[in-house]
file protein_35.txt (compact mmCIF, C-alpha atoms)
# COMPACT_ATOMS: atom_id res chain seq x y z
CA MET A 15 134.93 151.75 76.38
CA SER A 16 134.67 148.55 78.40
CA LYS A 17 137.57 147.70 80.61
CA THR A 18 139.18 144.30 80.41
CA LYS A 19 138.74 142.49 83.73
CA LYS A 20 142.05 141.53 85.20
CA PRO A 21 142.45 137.88 86.24
CA ASP A 22 142.24 137.23 89.95
CA PRO A 23 145.31 135.21 91.05
CA ALA A 24 143.47 133.97 94.14
CA LEU A 25 140.63 132.54 92.07
CA ASP A 26 143.03 131.00 89.59
CA ALA A 27 144.90 129.30 92.43
CA ALA A 28 141.66 128.03 94.06
CA ALA A 29 140.22 126.51 90.87
CA PRO A 30 142.43 123.38 90.90
CA ARG A 31 141.62 122.78 94.57
CA VAL A 32 137.88 123.03 93.91
CA LEU A 33 138.18 120.62 90.99
CA GLU A 34 140.25 118.21 93.07
CA ARG A 35 137.69 118.35 95.91
CA ARG A 36 134.82 117.71 93.50
CA GLN A 37 136.68 114.74 92.01
CA ARG A 38 137.28 113.29 95.48
CA VAL A 39 133.59 113.62 96.31
CA GLN A 40 132.62 111.93 93.05
CA SER A 41 135.11 109.14 93.71
CA ALA A 42 133.68 108.62 97.20
CA GLU A 43 130.15 108.52 95.80
CA THR A 44 131.16 105.91 93.23
CA GLY A 45 132.93 103.84 95.88
CA MET A 46 129.85 103.94 98.10
CA ALA A 47 127.71 102.95 95.11
CA VAL A 48 129.92 99.91 94.52
CA LEU A 49 129.66 98.86 98.17
CA LYS A 50 125.90 99.42 98.39
CA THR A 51 125.31 97.54 95.14
CA LEU A 52 127.49 94.64 96.27
CA SER A 53 125.51 94.50 99.51
CA GLY A 54 122.23 94.62 97.60
CA MET A 55 123.37 91.65 95.50
CA GLY A 56 123.68 89.53 98.63
CA GLY A 57 127.25 90.53 99.44
CA SER A 58 128.79 88.50 96.63
CA ALA A 59 129.07 89.16 92.89
CA GLY A 60 131.28 88.83 89.84
CA LEU A 61 132.83 91.90 88.21
CA SER A 62 130.62 92.00 85.13
CA ALA A 63 127.36 91.64 87.04
CA LEU A 64 128.44 94.19 89.63
CA ALA A 65 129.49 96.72 86.98
CA ALA A 66 126.18 96.28 85.18
CA GLN A 67 124.27 96.99 88.38
CA VAL A 68 126.41 100.02 89.23
CA GLY A 69 126.07 101.37 85.68
CA GLU A 70 129.80 101.80 85.11
CA SER A 71 132.37 100.00 82.95
CA PRO A 72 133.99 96.85 84.37
CA ALA A 73 137.40 98.52 84.12
CA LYS A 74 136.29 101.49 86.23
CA VAL A 75 134.55 99.30 88.83
CA HIS A 76 137.65 97.08 88.98
CA ARG A 77 139.78 100.10 89.93
CA TYR A 78 137.43 100.96 92.76
CA LEU A 79 137.32 97.36 93.93
CA ALA A 80 141.12 97.29 94.07
CA SER A 81 141.11 100.32 96.37
CA LEU A 82 138.34 98.85 98.51
CA ILE A 83 140.24 95.57 98.83
CA GLN A 84 143.32 97.50 99.96
CA GLU A 85 141.23 99.09 102.74
CA GLY A 86 139.69 95.76 103.79
CA LEU A 87 136.19 96.81 102.77
CA VAL A 88 135.98 94.21 99.99
CA ASP A 89 137.58 90.80 99.55
CA GLN A 90 137.95 88.51 96.54
CA ASP A 91 137.83 84.75 96.28
CA ALA A 92 140.92 83.58 94.39
CA SER A 93 139.26 80.56 92.80
CA SER A 94 135.95 82.04 91.66
CA GLN A 95 137.16 85.66 91.27
CA ARG A 96 133.95 86.81 92.92
CA TYR A 97 133.96 89.82 95.21
CA PHE A 98 132.66 89.76 98.79
CA LEU A 99 132.09 92.29 101.55
CA GLY A 100 135.36 92.55 103.46
CA PRO A 101 136.19 92.13 107.15
CA GLU A 102 136.47 95.86 107.85
CA LEU A 103 133.02 96.49 106.41
CA ILE A 104 131.61 93.63 108.45
CA GLN A 105 133.02 95.22 111.60
CA ILE A 106 131.48 98.55 110.64
CA GLY A 107 128.13 96.83 110.12
CA LEU A 108 128.31 95.05 113.47
CA THR A 109 129.08 98.31 115.24
CA ALA A 110 126.11 99.98 113.55
CA MET A 111 123.86 97.08 114.53
CA ARG A 112 124.94 97.31 118.16
CA GLN A 113 124.07 101.00 118.12
CA ALA A 114 120.68 100.39 116.50
CA GLU A 115 118.16 100.79 119.29
CA PRO A 116 114.53 99.90 118.57
CA ILE A 117 112.96 102.55 120.81
CA ARG A 118 114.90 105.40 119.20
CA LEU A 119 114.37 104.09 115.68
CA ALA A 120 110.64 103.57 116.28
CA GLU A 121 110.04 107.16 117.44
CA PRO A 122 109.58 108.60 113.92
CA ALA A 123 107.13 105.79 113.13
CA LEU A 124 105.06 106.64 116.20
CA VAL A 125 104.97 110.31 115.25
CA ARG A 126 103.86 109.50 111.70
CA LEU A 127 101.09 107.22 112.95
CA ARG A 128 99.93 109.79 115.47
CA GLU A 129 99.85 112.61 112.96
CA SER A 130 98.51 110.78 109.90
CA LEU A 131 95.80 108.77 111.66
CA GLU A 132 95.32 110.89 114.80
CA ILE A 133 95.58 107.83 117.03
CA THR A 134 97.37 106.89 120.22
CA CYS A 135 100.37 104.64 119.62
CA PHE A 136 103.35 103.24 121.47
CA VAL A 137 106.34 100.93 121.23
CA ALA A 138 106.87 98.10 123.72
CA LEU A 139 109.73 95.77 124.58
CA MET A 140 109.57 92.36 126.23
CA GLY A 141 110.53 92.83 129.89
CA ASN A 142 110.94 90.40 132.77
CA LYS A 143 107.26 90.74 133.75
CA GLY A 144 105.85 90.98 130.23
CA PRO A 145 105.50 93.46 127.34
CA THR A 146 106.45 96.89 128.69
CA ILE A 147 105.55 100.22 127.06
CA MET A 148 108.67 102.29 126.47
CA ARG A 149 107.49 105.25 124.39
CA PHE A 150 103.92 106.61 124.24
CA GLU A 151 102.50 109.12 121.70
CA GLU A 152 99.06 110.74 121.88
CA PRO A 153 97.12 112.92 119.41
CA GLY A 154 95.64 116.30 120.25
CA LEU A 155 92.45 114.66 121.50
CA PRO A 156 93.76 111.57 123.27
CA VAL A 157 91.75 108.50 124.19
CA THR A 158 91.53 108.02 127.95
CA VAL A 159 93.30 104.76 128.79
CA ASN A 160 95.04 103.60 131.95
CA VAL A 161 98.29 102.63 130.23
CA ARG A 162 101.39 104.78 129.92
CA ALA A 163 105.14 104.43 129.48
CA GLY A 164 106.21 101.78 131.96
CA SER A 165 102.91 99.89 131.90
CA VAL A 166 103.16 96.11 131.56
CA MET A 167 100.69 94.64 129.06
CA SER A 168 99.00 91.27 129.09
CA LEU A 169 100.51 88.61 126.84
CA VAL A 170 97.15 86.95 126.27
CA TRP A 171 94.56 89.73 126.14
CA SER A 172 96.44 92.72 124.65
CA ALA A 173 97.33 93.07 120.96
CA THR A 174 100.88 93.98 121.98
CA GLY A 175 101.29 90.86 124.08
CA ARG A 176 99.79 88.61 121.43
CA VAL A 177 102.47 89.65 118.93
CA PHE A 178 105.22 88.68 121.38
CA LEU A 179 103.35 85.49 122.25
CA GLY A 180 102.91 84.57 118.59
CA LEU A 181 106.34 85.41 117.24
CA LEU A 182 108.85 85.38 120.11
CA ASP A 183 109.67 81.70 120.52
CA GLU A 184 110.92 81.71 124.09
CA ALA A 185 109.92 79.39 126.94
CA ARG A 186 109.54 82.27 129.41
CA VAL A 187 106.98 83.96 127.15
CA ARG A 188 104.75 80.88 127.11
CA THR A 189 105.25 80.41 130.84
CA LEU A 190 104.05 83.96 131.53
CA ALA A 191 101.06 83.41 129.26
CA GLU A 192 100.15 80.18 131.04
CA GLU A 193 100.36 81.99 134.39
CA GLU A 194 97.91 84.61 133.07
CA LEU A 195 95.49 81.90 131.99
CA ALA A 196 95.73 80.17 135.35
CA ALA A 197 94.80 83.41 137.14
CA ALA A 198 92.02 84.44 134.72
CA THR A 199 88.34 84.57 135.61
CA PRO A 200 85.75 82.59 133.64
CA ASP A 201 84.56 85.82 132.00
CA MET A 202 88.07 86.60 130.81
CA LEU A 203 88.60 83.06 129.52
CA ALA A 204 85.34 83.35 127.58
CA LEU A 205 87.00 86.02 125.41
CA LEU A 206 89.64 83.57 124.18
CA PRO A 207 89.55 80.86 121.49
CA MET A 208 89.19 77.46 123.07
CA PRO A 209 90.24 74.76 123.87
CA ASN A 210 93.88 75.80 123.25
CA PRO A 211 93.97 79.59 123.51
CA ILE A 212 97.75 80.04 123.36
CA ASP A 213 98.19 77.85 120.30
CA SER A 214 95.20 79.49 118.60
CA LEU A 215 96.44 83.01 119.29
CA GLN A 216 99.91 82.13 118.02
CA SER A 217 98.44 80.76 114.78
CA GLU A 218 96.32 83.89 114.28
CA VAL A 219 99.27 86.25 114.70
CA ARG A 220 101.55 84.23 112.44
CA ALA A 221 98.92 84.11 109.72
CA ALA A 222 98.06 87.83 109.86
CA GLY A 223 101.50 89.25 110.64
CA CYS A 224 99.92 91.35 113.36
CA ALA A 225 97.45 91.14 116.26
CA VAL A 226 94.11 92.91 116.63
CA VAL A 227 91.77 93.14 119.61
CA LYS A 228 88.42 94.82 120.20
CA ASP A 229 87.01 95.34 123.72
CA VAL A 230 89.21 92.55 125.08
CA TYR A 231 92.04 94.03 127.14
CA LEU A 232 90.34 97.36 127.81
CA ARG A 233 86.59 97.76 127.45
CA GLY A 234 85.66 100.22 124.71
CA ILE A 235 89.20 100.16 123.29
CA SER A 236 90.47 98.49 120.13
CA ALA A 237 94.10 97.99 119.18
CA VAL A 238 96.38 96.80 116.38
CA ALA A 239 99.98 95.69 116.96
CA ALA A 240 102.79 94.64 114.60
CA PRO A 241 106.26 93.18 115.20
CA VAL A 242 109.62 94.89 114.82
CA PHE A 243 112.47 92.49 113.96
CA ASP A 244 116.18 92.98 114.58
CA PHE A 245 118.94 91.95 112.17
CA THR A 246 118.82 88.35 113.42
CA GLY A 247 115.10 88.05 112.63
CA ARG A 248 114.10 88.09 116.30
CA VAL A 249 111.11 90.14 117.46
CA CYS A 250 112.70 92.90 119.53
CA ALA A 251 109.79 95.33 119.84
CA VAL A 252 106.13 95.81 119.00
CA ILE A 253 104.45 98.93 117.62
CA THR A 254 100.81 99.32 118.71
CA ALA A 255 98.01 101.72 117.80
CA LEU A 256 94.83 102.01 119.85
CA GLY A 257 91.62 103.99 119.94
CA ALA A 258 87.99 104.05 121.03
CA SER A 259 86.22 101.09 119.45
CA GLY A 260 83.46 103.26 117.98
CA GLY A 261 85.82 105.12 115.64
CA PHE A 262 88.73 102.71 115.35
CA ASP A 263 88.94 100.04 112.62
CA PRO A 264 90.80 97.04 114.09
CA SER A 265 90.43 94.79 111.03
CA VAL A 266 93.57 93.00 109.87
CA ASN A 267 93.39 94.50 106.37
CA GLY A 268 92.05 97.89 107.40
CA PRO A 269 93.96 101.18 106.95
CA ILE A 270 95.18 101.30 110.55
CA ALA A 271 96.57 97.76 110.56
CA THR A 272 98.16 98.37 107.15
CA ALA A 273 99.83 101.56 108.39
CA VAL A 274 101.07 99.94 111.61
CA ARG A 275 102.54 96.98 109.72
CA ARG A 276 104.21 99.33 107.23
CA GLU A 277 105.83 101.39 109.99
CA ALA A 278 106.95 98.26 111.84
CA GLN A 279 108.54 96.96 108.65
CA ALA A 280 110.32 100.27 108.07
CA THR A 281 111.69 100.20 111.61
CA SER A 282 112.80 96.59 111.16
CA ALA A 283 114.71 97.58 108.03
CA LYS A 284 116.53 100.30 109.99
CA LEU A 285 117.58 97.61 112.48
CA GLY A 286 119.12 95.55 109.70
CA TYR A 287 116.30 93.05 109.19
CA ALA A 288 116.47 91.67 105.67
CA GLY A 289 114.06 88.76 105.97
CA PRO A 290 110.73 88.25 104.24
CA ARG A 291 108.31 91.16 104.49
CA LEU A 292 104.89 90.59 105.94
CA GLU A 293 101.97 91.32 103.65
CA SER A 294 100.63 94.85 103.95

call {"tool": "encode", "arguments": {"input": "protein_35.txt", "output": "structure tokens"}}
result
Amino acid sequence: MSKTKKPDPALDAAAPRVLERRQRVQSAETGMAVLKTLSGMGGSAGLSALAAQVGESPAKVHRYLASLIQEGLVDQDASSQRYFLGPELIQIGLTAMRQAEPIRLAEPALVRLRESLEITCFVALMGNKGPTIMRFEEPGLPVTVNVRAGSVMSLVWSATGRVFLGLLDEARVRTLAEEELAAATPDMLALLPMPNPIDSLQSEVRAAGCAVVKDVYLRGISAVAAPVFDFTGRVCAVITALGASGGFDPSVNGPIATAVRREAQATSAKLGYAGPRLES
């Protein structure tokens, strides 16, 4: 004969707590969905449109909005009845943006480029003396180049520098580029578009959304570079891939340039950039 299993008082007592915990988690998930959807709608929306996007009833979304307003995460305009991101959420966003650091956020992109394309790649920032390499990744069989972390790149002849020159609208950047031109040899100048090399290079970068060079900065080396934008839309870093010209496709629409642009865009998104995406 089978024995009847006696109820476990401990399990019976724990069941309500487990249910309550699950309900709290579900409530938090719904609240986050409301906030993320409101943000995705430009930070402002009416109740009906917001509820439709969230996939919940207006009455349910309204209850969550009331709680979010109480916590300062959402606000409501009294005249239009539209909901906005609240002051507390704005402060949270600003804190996150201040913590967003392009070198750290670009590291996964460099690893993916290195592993998927087996190429050398790096991320550079604009320093006082010019574009400066901050993080350098090499494949198993690296290309021998005389640049490393800490190297300062040319603004005029390197792909990295050309992105800063083309998209970072600062007087000091143009001044540095003009100083490079003034010190260049006739052979070096012959590699540039004339009669206005700076203006021409800027136009090329802006049109392509990236910069490509072949046997210009380093003989036998080709490179592709793409911009990383911060949340203000300013170029804060540049991701570059390089390789031996014989086996490296530096064309603007080639697979390497497409991959570099894609990774630069992904890094920009992590930094809060929400502007227009460059064609990839």

call {"tool": "closest_residue", "arguments": {"input": "protein_35.txt", "among": "A:Gly175, A:Gly223, A:Pro145, A:Pro122", "to": "A:Asn267", "atoms": "only C-alpha atoms"}}
result
A:Gly223

call {"tool": "residues_near_point", "arguments": {"input": "protein_35.txt", "point": "(95.6, 88.6, 120.0)", "cutoff": "8 Å", "atoms": "only C-alpha atoms", "output": "list in words"}}
result
Val170, Trp171, Ser172, Ala173, Thr174, Gly175, Arg176, Val177, Leu215, Glu218, Val219, Ala225, Val226 and Val227 of chain A

call {"tool": "atom_distance", "arguments": {"input": "protein_35.txt", "atom1": "atom CA of A:Leu131", "atom2": "atom CA of A:Ala255"}}
result
9.6 Å

call {"tool": "atom_distance", "arguments": {"input": "protein_35.txt", "atom1": "atom CA of A:Asp244", "atom2": "atom CA of A:Tyr287"}}
result
5.4 Å

call {"tool": "residues_around", "arguments": {"input": "protein_35.txt", "residues": "A:Pro241", "least_positions_apart": "4", "cutoff": "7 Å", "atoms": "only C-alpha atoms", "output": "compact mmCIF listing (two decimals) with C-alpha atoms, in the coordinates of the input"}}
result
# COMPACT_ATOMS: atom_id res chain seq x y z
CA VAL A 177 102.47 89.65 118.93
CA CYS A 224 99.92 91.35 113.36
CA VAL A 249 111.11 90.14 117.46
CA ALA A 251 109.79 95.33 119.84
CA VAL A 252 106.13 95.81 119.00
CA ILE A 253 104.45 98.93 117.62
CA ALA A 278 106.95 98.26 111.84

call {"tool": "residues_around", "arguments": {"input": "protein_35.txt", "residues": "A:Leu82", "least_positions_apart": "3", "cutoff": "12 Å", "atoms": "only C-alpha atoms", "output": "count of residues only"}}
result
27

call {"tool": "atom_distance", "arguments": {"input": "protein_35.txt", "atom1": "atom CA of A:Leu61", "atom2": "atom CA of A:Gln105"}}
result
23.6 Å

call {"tool": "residues_around", "arguments": {"input": "protein_35.txt", "residues": "stretch 127-129 of chain A", "least_positions_apart": "3", "cutoff": "12 Å", "atoms": "only C-alpha atoms", "output": "PyMOL selection string"}}
result
chain A and resi 120-124+132-137+150-156+238+253-257+269-278

call {"tool": "closest_atom_pairs", "arguments": {"input": "protein_35.txt", "of": "stretch 216-261 of chain A", "to": "stretch 202-212 of chain A", "cutoff": "9 Å", "atoms": "all atoms listed in the file", "output": "JSON lines"}}
result
{"residue": "A:Gln216", "atom": "CA", "partner": "A:Ile212", "partner_atom": "CA", "distance": 6.1}
{"residue": "A:Ser217", "atom": "CA", "partner": "A:Ile212", "partner_atom": "CA", "distance": 8.6}
{"residue": "A:Val230", "atom": "CA", "partner": "A:Leu205", "partner_atom": "CA", "distance": 6.9}

call {"tool": "decode", "arguments": {"input": "protein_35.txt", "residues": "stretch 58-70 of chain A", "atoms": "all heavy atoms", "output": "tab-separated table (two decimals), in the first residue's frame"}}
result
chain	number	residue	atom	x	y	z
A	58	SER	N	9.10	60.87	-24.68
A	58	SER	CA	7.82	61.55	-24.49
A	58	SER	C	6.73	60.77	-25.23
A	58	SER	O	6.90	60.41	-26.39
A	58	SER	CB	7.89	62.99	-25.02
A	58	SER	OG	6.61	63.57	-25.05
A	59	ALA	N	5.61	60.50	-24.54
A	59	ALA	CA	4.53	59.75	-25.19
A	59	ALA	C	3.24	59.88	-24.39
A	59	ALA	O	3.26	60.13	-23.17
A	59	ALA	CB	4.91	58.27	-25.32
A	60	GLY	N	2.12	59.70	-25.07
A	60	GLY	CA	0.83	59.64	-24.42
A	60	GLY	C	0.59	58.24	-23.89
A	60	GLY	O	1.26	57.28	-24.28
A	61	LEU	N	-0.40	58.09	-23.01
A	61	LEU	CA	-0.65	56.81	-22.36
A	61	LEU	C	-1.02	55.72	-23.36
A	61	LEU	O	-0.48	54.61	-23.31
A	61	LEU	CB	-1.76	56.97	-21.32
A	61	LEU	CG	-2.19	55.68	-20.61
A	61	LEU	CD1	-1.02	55.04	-19.89
A	61	LEU	CD2	-3.34	55.96	-19.64
A	62	SER	N	-1.93	56.02	-24.27
A	62	SER	CA	-2.40	55.00	-25.21
A	62	SER	C	-1.28	54.50	-26.10
A	62	SER	O	-1.11	53.28	-26.29
A	62	SER	CB	-3.55	55.55	-26.06
A	62	SER	OG	-4.65	55.89	-25.26
A	63	ALA	N	-0.50	55.42	-26.65
A	63	ALA	CA	0.60	55.02	-27.52
A	63	ALA	C	1.65	54.23	-26.76
A	63	ALA	O	2.19	53.23	-27.26
A	63	ALA	CB	1.24	56.26	-28.16
A	64	LEU	N	1.94	54.65	-25.53
A	64	LEU	CA	2.93	53.95	-24.72
A	64	LEU	C	2.46	52.54	-24.38
A	64	LEU	O	3.23	51.57	-24.48
A	64	LEU	CB	3.20	54.75	-23.45
A	64	LEU	CG	4.24	54.17	-22.48
A	64	LEU	CD1	5.59	54.01	-23.17
A	64	LEU	CD2	4.37	55.08	-21.25
A	65	ALA	N	1.19	52.41	-23.99
A	65	ALA	CA	0.65	51.10	-23.65
A	65	ALA	C	0.68	50.17	-24.85
A	65	ALA	O	0.98	48.97	-24.72
A	65	ALA	CB	-0.77	51.25	-23.12
A	66	ALA	N	0.38	50.71	-26.03
A	66	ALA	CA	0.40	49.89	-27.23
A	66	ALA	C	1.80	49.37	-27.52
A	66	ALA	O	1.98	48.21	-27.92
A	66	ALA	CB	-0.13	50.70	-28.42
A	67	GLN	N	2.79	50.21	-27.31
A	67	GLN	CA	4.17	49.80	-27.56
A	67	GLN	C	4.65	48.79	-26.52
A	67	GLN	O	5.38	47.86	-26.84
A	67	GLN	CB	5.09	51.03	-27.55
A	67	GLN	CG	4.95	51.94	-28.76
A	67	GLN	CD	5.42	51.26	-30.03
A	67	GLN	OE1	6.44	50.56	-30.04
A	67	GLN	NE2	4.69	51.45	-31.11
A	68	VAL	N	4.22	48.96	-25.27
A	68	VAL	CA	4.61	48.03	-24.22
A	68	VAL	C	3.90	46.69	-24.38
A	68	VAL	O	4.42	45.64	-24.00
A	68	VAL	CB	4.32	48.63	-22.82
A	68	VAL	CG1	4.59	47.63	-21.71
A	68	VAL	CG2	5.19	49.87	-22.61
A	69	GLY	N	2.68	46.73	-24.95
A	69	GLY	CA	1.90	45.50	-25.10
A	69	GLY	C	1.07	45.17	-23.88
A	69	GLY	O	0.76	44.01	-23.62
A	70	GLU	N	0.72	46.20	-23.10
A	70	GLU	CA	-0.11	46.02	-21.92
A	70	GLU	C	-1.30	46.98	-22.01
A	70	GLU	O	-1.32	47.90	-22.83
A	70	GLU	CB	0.69	46.31	-20.64
A	70	GLU	CG	1.89	45.41	-20.41
A	70	GLU	CD	1.51	44.02	-19.95
A	70	GLU	OE1	0.30	43.77	-19.75
A	70	GLU	OE2	2.41	43.18	-19.78
